[in-house]
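J.: The following file, coords-v9.cif, comprises mmCIF, C-alpha atoms:
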data_input
#
loop_
_atom_site.label_atom_id
_atom_site.label_comp_id
_atom_site.auth_asym_id
_atom_site.auth_seq_id
_atom_site.Cartn_x
_atom_site.Cartn_y
_atom_site.Cartn_z
CA MET A 1 1.36 15.79 -45.21
CA SER A 2 0.91 19.34 -44.04
CA THR A 3 2.22 20.49 -40.70
CA LEU A 4 -1.29 21.23 -39.53
CA GLU A 5 -2.34 17.68 -40.36
CA GLN A 6 0.64 16.31 -38.43
CA VAL A 7 -0.24 18.39 -35.40
CA ARG A 8 -3.84 17.25 -35.62
CA GLN A 9 -2.82 13.59 -35.85
CA GLY A 10 -0.38 13.95 -33.00
CA PHE A 11 -3.04 15.54 -30.85
CA ARG A 12 -5.53 12.84 -31.70
CA SER A 13 -3.13 10.04 -30.83
CA LEU A 14 -2.28 11.83 -27.59
CA LEU A 15 -5.97 11.96 -26.69
CA ASP A 16 -6.30 8.29 -27.53
CA GLN A 17 -3.38 7.48 -25.26
CA VAL A 18 -4.84 9.52 -22.43
CA SER A 19 -8.22 7.83 -22.65
CA GLU A 20 -6.60 4.43 -22.96
CA GLY A 21 -4.45 5.20 -19.92
CA TRP A 22 -7.50 6.35 -18.04
CA SER A 23 -9.45 3.18 -18.67
CA HIS A 24 -6.38 1.14 -17.76
CA LEU A 25 -6.16 3.11 -14.52
CA ARG A 26 -9.84 2.54 -13.79
CA ASP A 27 -9.49 -1.16 -14.45
CA LEU A 28 -6.55 -1.44 -12.11
CA ALA A 29 -7.57 0.92 -9.35
CA GLY A 30 -11.29 0.28 -9.53
CA ASN A 31 -12.49 0.89 -6.05
CA ALA A 32 -9.13 0.37 -4.41
CA LEU A 33 -8.49 4.09 -4.05
CA THR A 34 -9.82 4.72 -0.57
CA HIS A 35 -10.24 7.90 1.41
CA PHE A 36 -8.54 8.15 4.80
CA THR A 37 -9.93 10.58 7.35
CA PRO A 38 -7.80 11.60 10.30
CA ALA A 39 -9.61 10.59 13.46
CA ARG A 40 -11.16 13.44 15.41
CA ARG A 41 -10.75 12.98 19.11
CA THR A 42 -12.59 15.80 20.72
CA GLY A 43 -11.51 17.17 24.03
CA GLU A 44 -8.07 15.67 23.84
CA VAL A 45 -4.70 17.21 23.38
CA GLU A 46 -3.46 16.86 19.82
CA THR A 47 -0.56 14.44 19.73
CA VAL A 48 2.35 14.13 17.34
CA ALA A 49 0.67 11.06 15.85
CA ASP A 50 -2.45 13.16 15.17
CA GLN A 51 -0.36 15.75 13.39
CA ILE A 52 1.34 13.14 11.25
CA ALA A 53 -2.06 11.68 10.34
CA GLN A 54 -3.27 15.15 9.41
CA ALA A 55 -0.28 15.71 7.15
CA SER A 56 -0.41 12.29 5.50
CA PRO A 57 -2.03 11.77 2.09
CA ARG A 58 -5.83 11.64 2.12
CA TRP A 59 -5.98 8.80 -0.38
CA GLY A 60 -4.46 5.37 -0.20
CA LEU A 61 -4.74 2.13 -2.11
CA LEU A 62 -6.51 -0.66 -0.26
CA THR A 63 -6.34 -3.46 -2.75
CA THR A 64 -8.45 -6.57 -2.50
CA GLU A 65 -8.97 -9.86 -4.16
CA VAL A 66 -12.08 -11.96 -4.02
CA GLN A 67 -11.92 -15.67 -4.58
CA GLU A 68 -14.93 -17.90 -4.90
CA THR A 69 -14.80 -21.61 -4.20
CA ASP A 70 -17.61 -24.13 -4.18
CA ASP A 71 -18.58 -23.42 -0.60
CA GLU A 72 -16.73 -20.25 0.42
CA VAL A 73 -16.05 -16.69 -0.61
CA ILE A 74 -12.56 -15.55 0.39
CA VAL A 75 -11.75 -11.84 0.50
CA ARG A 76 -8.17 -10.66 0.98
CA LEU A 77 -7.44 -7.02 1.68
CA GLU A 78 -4.00 -5.47 1.83
CA ALA A 79 -3.93 -3.08 4.77
CA PRO A 80 -0.40 -2.92 6.15
CA GLY A 81 0.44 -1.36 9.49
CA MET A 82 -2.85 -2.15 11.21
CA GLU A 83 -3.58 -3.95 14.46
CA SER A 84 -6.13 -6.76 14.24
CA GLU A 85 -8.38 -5.09 16.83
CA ASP A 86 -8.60 -1.93 14.71
CA PHE A 87 -10.71 -3.64 12.06
CA ASP A 88 -14.50 -3.51 12.09
CA LEU A 89 -16.09 -5.98 9.67
CA SER A 90 -19.71 -6.44 8.70
CA VAL A 91 -21.78 -7.93 5.88
CA THR A 92 -24.59 -5.76 4.52
CA ASP A 93 -26.70 -6.29 1.40
CA GLY A 94 -24.18 -8.45 -0.38
CA TYR A 95 -21.21 -6.28 0.53
CA LEU A 96 -18.38 -6.95 2.93
CA VAL A 97 -17.83 -3.63 4.67
CA VAL A 98 -14.36 -3.13 6.13
CA ARG A 99 -13.89 -0.20 8.46
CA GLY A 100 -10.71 0.54 10.29
CA GLU A 101 -8.19 2.97 11.47
CA LYS A 102 -4.56 2.96 10.54
CA ARG A 103 -2.68 4.56 13.37
CA VAL A 104 0.62 6.35 13.29
CA GLU A 105 3.22 4.29 15.14
CA ASP A 106 5.73 7.07 15.47
CA SER A 107 5.71 9.08 18.65
CA ARG A 108 9.02 10.88 18.34
CA LYS A 109 8.44 14.57 18.56
CA GLU A 110 11.28 15.91 16.48
CA GLY A 111 12.16 15.18 12.88
CA SER A 112 10.81 15.99 9.46
CA PHE A 113 9.32 13.91 6.69
CA TYR A 114 10.91 13.85 3.26
CA ILE A 115 8.42 11.51 1.67
CA MET A 116 4.91 10.73 2.90
CA GLU A 117 3.12 8.25 0.68
CA CYS A 118 1.31 6.15 3.26
CA ALA A 119 -2.13 7.32 4.31
CA TYR A 120 -3.24 7.26 7.95
CA GLY A 121 -6.61 7.62 9.59
CA GLN A 122 -10.04 6.05 9.39
CA PHE A 123 -11.19 4.31 6.25
CA GLU A 124 -14.11 2.32 4.94
CA ARG A 125 -14.32 0.06 1.96
CA ALA A 126 -17.25 -2.00 0.72
CA ILE A 127 -16.40 -5.05 -1.37
CA PRO A 128 -19.21 -6.62 -3.39
CA LEU A 129 -19.57 -10.33 -2.71
CA PRO A 130 -20.24 -12.67 -5.63
CA ALA A 131 -22.61 -14.95 -3.67
CA ALA A 132 -24.93 -14.95 -0.66
CA VAL A 133 -22.93 -15.77 2.47
CA ASP A 134 -23.64 -16.85 6.02
CA GLU A 135 -21.96 -14.04 7.96
CA SER A 136 -22.53 -15.75 11.30
CA ARG A 137 -19.94 -18.34 10.33
CA ALA A 138 -17.42 -15.89 8.88
CA ARG A 139 -13.81 -15.98 10.00
CA ALA A 140 -11.15 -13.28 9.72
CA ARG A 141 -7.40 -13.37 10.12
CA TYR A 142 -4.79 -10.62 9.91
CA ARG A 143 -1.27 -11.61 8.99
CA ARG A 144 1.66 -9.73 7.44
CA GLY A 145 -0.55 -6.77 6.61
CA VAL A 146 -3.15 -8.84 4.78
CA LEU A 147 -6.66 -9.29 6.13
CA THR A 148 -8.23 -12.55 5.01
CA VAL A 149 -11.99 -12.94 5.50
CA THR A 150 -13.49 -16.35 4.82
CA LEU A 151 -17.25 -16.29 4.34
CA PRO A 152 -19.09 -19.62 3.98
CA ARG A 153 -21.77 -19.56 1.31
CA GLN A 154 -25.38 -19.88 2.28
CA GLN A 155 -26.83 -23.34 1.85
CA GLY A 156 -28.93 -22.42 -1.16
CA ALA A 157 -26.18 -20.35 -2.73
CA ARG A 158 -23.69 -23.20 -2.86
CA ARG A 159 -22.38 -23.93 -6.25
CA ARG A 160 -23.15 -27.33 -7.66
CA ARG A 161 -21.17 -28.61 -10.51
CA ILE A 162 -23.35 -30.21 -13.13
CA LYS A 163 -21.68 -32.88 -15.05
CA VAL A 164 -22.47 -33.12 -18.73
CA GLN A 165 -23.15 -36.73 -19.52
CA ALA A 166 -21.68 -38.10 -22.65
CA ARG A 167 -24.08 -40.19 -24.65
CA MET B 168 7.27 21.28 16.86
CA ALA B 169 8.65 20.81 13.40
CA LEU B 170 6.81 18.33 11.21
CA VAL B 171 7.57 19.66 7.78
CA ARG B 172 6.01 18.36 4.61
CA TYR B 173 8.48 18.33 1.78
CA GLU B 174 5.98 19.14 -0.98
CA PRO B 175 3.47 21.93 -0.93
CA TRP B 176 1.40 20.49 -3.79
CA SER B 177 0.71 17.42 -1.75
CA MET B 178 -2.62 16.34 -3.18
CA LEU B 179 -1.71 16.71 -6.83
CA ASP B 180 1.61 15.14 -6.19
CA GLN B 181 0.06 12.26 -4.33
CA LEU B 182 -2.36 11.62 -7.18
CA ARG B 183 0.45 11.72 -9.70
CA ARG B 184 2.50 9.25 -7.66
CA GLU B 185 -0.42 6.88 -7.21
CA VAL B 186 -1.07 7.00 -10.94
CA ASP B 187 2.62 6.40 -11.63
CA ARG B 188 2.61 3.44 -9.27
CA LEU B 189 -0.44 1.94 -10.91
CA PHE B 190 1.15 2.15 -14.30
CA GLU B 191 4.31 0.62 -12.95
CA THR B 192 2.25 -2.43 -12.19
CA ARG B 193 2.72 -4.83 -15.02
CA LEU B 194 -0.19 -6.76 -16.38
CA PRO B 195 0.26 -10.51 -16.60
CA GLY B 196 1.88 -11.49 -19.85
CA GLU B 197 2.78 -7.93 -20.74
CA GLU B 198 6.30 -7.57 -22.05
CA SER B 199 8.30 -4.99 -20.18
CA ALA B 200 11.87 -3.99 -19.47
CA VAL B 201 10.86 -2.97 -15.96
CA VAL B 202 12.75 -4.95 -13.34
CA SER B 203 9.98 -5.02 -10.74
CA ASP B 204 6.27 -5.75 -10.79
CA TRP B 205 5.25 -3.23 -8.14
CA VAL B 206 6.62 -0.44 -5.99
CA PRO B 207 5.90 -0.16 -2.29
CA ALA B 208 4.68 3.14 -0.81
CA VAL B 209 7.08 4.63 1.73
CA ASP B 210 7.37 7.24 4.43
CA ILE B 211 10.85 8.69 4.96
CA LYS B 212 11.60 10.64 8.08
CA GLU B 213 14.71 12.26 9.45
CA ASP B 214 15.17 12.48 13.19
CA ALA B 215 18.06 14.17 14.94
CA ASP B 216 20.08 10.98 15.15
CA ARG B 217 18.66 8.72 12.45
CA PHE B 218 16.69 8.26 9.26
CA VAL B 219 13.62 6.04 9.28
CA ILE B 220 12.12 4.46 6.18
CA ARG B 221 8.77 2.71 6.46
CA ALA B 222 7.57 0.77 3.46
CA ASP B 223 4.22 -0.92 2.96
CA VAL B 224 4.90 -4.51 1.92
CA PRO B 225 1.66 -6.35 2.70
CA GLY B 226 1.68 -10.08 2.15
CA VAL B 227 5.44 -10.31 1.86
CA ASP B 228 7.26 -12.88 3.96
CA PRO B 229 10.02 -11.07 5.92
CA LYS B 230 12.54 -13.64 4.71
CA ASP B 231 11.76 -12.67 1.13
CA ILE B 232 12.80 -9.06 1.74
CA ASP B 233 16.33 -8.06 0.82
CA VAL B 234 17.71 -4.78 2.13
CA SER B 235 21.17 -3.77 0.98
CA MET B 236 23.38 -0.71 1.01
CA GLU B 237 25.97 0.02 -1.62
CA ASN B 238 27.76 3.26 -2.48
CA GLY B 239 25.29 5.35 -0.57
CA VAL B 240 22.29 3.74 -2.25
CA LEU B 241 19.85 1.75 -0.16
CA THR B 242 17.99 -0.92 -2.06
CA ILE B 243 14.84 -2.63 -0.87
CA LYS B 244 13.74 -5.54 -2.95
CA GLY B 245 11.80 -8.70 -2.59
CA GLU B 246 9.12 -10.94 -3.82
CA LYS B 247 5.47 -11.34 -2.97
CA GLU B 248 4.43 -14.93 -3.27
CA SER B 249 0.87 -15.71 -3.95
CA GLU B 250 -0.65 -17.30 -0.86
CA THR B 251 -2.70 -19.72 -2.84
CA LYS B 252 -0.43 -20.39 -5.72
CA GLU B 253 -1.90 -23.73 -6.62
CA GLU B 254 -5.54 -22.76 -6.78
CA ARG B 255 -5.60 -19.83 -9.14
CA GLU B 256 -9.16 -20.35 -10.18
CA GLY B 257 -12.31 -18.76 -8.85
CA TYR B 258 -11.01 -15.20 -8.70
CA LYS B 259 -13.76 -12.61 -9.07
CA ARG B 260 -11.61 -9.57 -8.42
CA ILE B 261 -7.87 -9.04 -8.43
CA GLU B 262 -6.42 -5.68 -7.45
CA ARG B 263 -3.42 -6.86 -5.49
CA SER B 264 -0.11 -6.82 -7.29
CA ARG B 265 2.16 -9.80 -7.13
CA GLY B 266 5.71 -10.64 -7.96
CA SER B 267 8.87 -8.68 -7.32
CA PHE B 268 9.27 -5.19 -5.95
CA LEU B 269 12.22 -2.85 -5.92
CA ARG B 270 12.87 0.60 -4.62
CA ARG B 271 16.11 2.53 -4.25
CA PHE B 272 17.01 5.57 -2.21
CA THR B 273 20.13 7.69 -2.18
CA LEU B 274 21.12 8.31 1.40
CA PRO B 275 23.04 11.39 2.50
CA GLU B 276 26.66 11.01 3.53
CA THR B 277 25.67 11.39 7.13
CA ALA B 278 24.07 7.93 7.11
CA ASP B 279 25.99 5.12 8.81
CA PRO B 280 25.84 2.08 6.51
CA GLU B 281 27.28 -0.21 9.19
CA ARG B 282 24.47 0.10 11.68
CA ILE B 283 21.37 -0.16 9.49
CA GLU B 284 18.60 -2.22 11.04
CA ALA B 285 15.49 -3.57 9.38
CA SER B 286 12.41 -5.13 10.89
CA SER B 287 9.00 -6.08 9.60
CA ARG B 288 5.68 -6.08 11.38
CA ASN B 289 2.10 -6.31 10.12
CA GLY B 290 3.23 -5.80 6.54
CA VAL B 291 5.29 -2.70 7.24
CA LEU B 292 9.05 -2.84 6.75
CA GLU B 293 10.90 -0.41 8.98
CA ILE B 294 14.50 0.48 8.25
CA VAL B 295 16.40 2.55 10.77
CA ILE B 296 19.59 4.18 9.54
CA PRO B 297 21.56 5.85 12.32
CA LYS B 298 23.59 8.93 11.49
CA LEU B 299 27.34 8.90 11.88
CA ALA B 300 28.38 10.00 15.34
CA GLN B 301 30.40 13.01 14.25
CA VAL B 302 27.61 14.58 12.23
CA GLN B 303 25.04 14.49 14.98
CA PRO B 304 24.32 18.03 16.06
CA ARG B 305 26.54 18.78 19.02
CA LYS B 306 25.87 21.51 21.43
CA ILE B 307 28.92 23.65 22.01
CA GLU B 308 29.26 25.13 25.35
CA VAL B 309 30.12 28.83 25.47
CA LYS B 310 32.80 29.35 28.03
CA GLN B 311 32.95 32.35 30.21
#
Can I see the file as structure tokens?
T.:
Amino acid sequence: MSTLEQVRQGFRSLLDQVSEGWSHLRDLAGNALTHFTPARRTGEVETVADQIAQASPRWGLLTTEVQETDDEVIVRLEAPGMESEDFDLSVTDGYLVVRGEKRVEDSRKEGSFYIMECAYGQFERAIPLPAAVDESRARARYRRGVLTVTLPRQQGARRRRIKVQAR
Amino acid sequence: MALVRYEPWSMLDQLRREVDRLFETRLPGEESAVVSDWVPAVDIKEDADRFVIRADVPGVDPKDIDVSMENGVLTIKGEKESETKEEREGYKRIERSRGSFLRRFTLPETADPERIEASSRNGVLEIVIPKLAQVQPRKIEVKQ
């Protein structure tokens, strides 16, 4: 095998790996990569917390899982470091829309950051729901950094199991 | 006011780290020599008298977190239990990682391993590592 052929093969397999890695990344990250915008508070003095939020990464992972049972859709969202009153939830066109703001807890003025991986600021994520839900009966709970939203299915959208009769 | 970012290429670096973290996530059934299933994101800050590490560990029971210090290396490890372990069916979307996590940091010699404190709130683990008394900046008075 000529050297040129080896280089060509190596390059091809590298490209394959990159595209495989990319699809793997898309599968895993999907829509979890969420943009965080530092809150703009006009007419106020910029605080240390504001500066930290400005310097923090603009992108963070807000990972979810959606579970469907016979009469409920359960959405869990990992959003550590929030307060329960900082969430704003709504259901629109088959999506659960989660808006919120992750605030900087630190108020110490001095000090310097060595590593900043956590994103701060306002975010929004829309999670497609697998079934029609009755949002008026929805419940939400925030515990240990995980937001759990339980959405009862609409009457007509309830799943009925159909038993196959054996003859 | 000194809030200094360590890396100037923040966005590229952030992307690279996120990608690295995603690939560190093991798929179910995938054979791997990696000791942990996922890696928590952290902020590390140095104040005048202490170091503060904040790690995102959503869904982890505080009693399942193990923080230890050995030979200047701080280890955070633990396990995320699935909340609904029994009923694994009906999942339409799974992005959350499960299983064990591990992250290690080398602390400078100025850190006091005896007085480390850890607490957990709303899925954020906060570890405060005070500096040794003698290395805290001391103001020296100039005598007349």
J.: Mind telling me what the PyMOL selection byres ((chain B) within 6 of (chain A)) catches here, as a PyMOL selection string?
T.: chain B and resi 170-173+208-214+223+225-226+257-263+289-291
J.: Please measure the separation of atom CA of Gln9 of chain A and atom CA of Leu182 of chain B, giving the value in Å to one decimal.
T.: 28.7 Å
J.: Quick one: which residues end up in the PyMOL selection byres ((chain A and resi 131) around 10) for this structure, as a VMD selection string?
T.: chain A and resid 68 71 to 73 94 to 95 128 to 130 132 to 134 151 to 154 157 to 159
J.: Apply the PyMOL selection byres ((chain B and resi 266) around 9) to the structure shown and report the selected residues as a ChimeraX atom specification.
T.: /B:203-205,245-249,264-265,267-268
J.: Would you export the selected residues with C-alpha atoms as a PDB file, in the coordinates of the input, please?
T.:
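What landed in selection-v3.pdb:
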ATOM      1  CA  SER B 203       9.980  -5.020 -10.740  1.00  0.00           C
ATOM      2  CA  ASP B 204       6.270  -5.750 -10.790  1.00  0.00           C
ATOM      3  CA  TRP B 205       5.250  -3.230  -8.140  1.00  0.00           C
ATOM      4  CA  GLY B 245      11.800  -8.700  -2.590  1.00  0.00           C
ATOM      5  CA  GLU B 246       9.120 -10.940  -3.820  1.00  0.00           C
ATOM      6  CA  LYS B 247       5.470 -11.340  -2.970  1.00  0.00           C
ATOM      7  CA  GLU B 248       4.430 -14.930  -3.270  1.00  0.00           C
ATOM      8  CA  SER B 249       0.870 -15.710  -3.950  1.00  0.00           C
ATOM      9  CA  SER B 264      -0.110  -6.820  -7.290  1.00  0.00           C
ATOM     10  CA  ARG B 265       2.160  -9.800  -7.130  1.00  0.00           C
ATOM     11  CA  SER B 267       8.870  -8.680  -7.320  1.00  0.00           C
ATOM     12  CA  PHE B 268       9.270  -5.190  -5.950  1.00  0.00           C
TER      13      PHE B 268
END
J.: Which residues, written as a short mmCIF file (atom, residue, chain, number, x, y, z; two decimals) with C-alpha atoms, in the coordinates of the input, have at least one atom at most 7 Å from Val104 of chain A, with all atoms listed in the file counted and residues fewer than 5 positions away on the same chain left out?
T.:
data_model
loop_
_atom_site.label_atom_id
_atom_site.label_comp_id
_atom_site.auth_asym_id
_atom_site.auth_seq_id
_atom_site.Cartn_x
_atom_site.Cartn_y
_atom_site.Cartn_z
CA ALA A 49 0.67 11.06 15.85
CA ALA A 53 -2.06 11.68 10.34
CA TYR A 120 -3.24 7.26 7.95
#
J.: Report, in Å with one decimal, the straight-line distance from atom CA of Lys298 of chain B to atom CA of Asp228 of chain B.
T.: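 So the answer is 28.3 Å.
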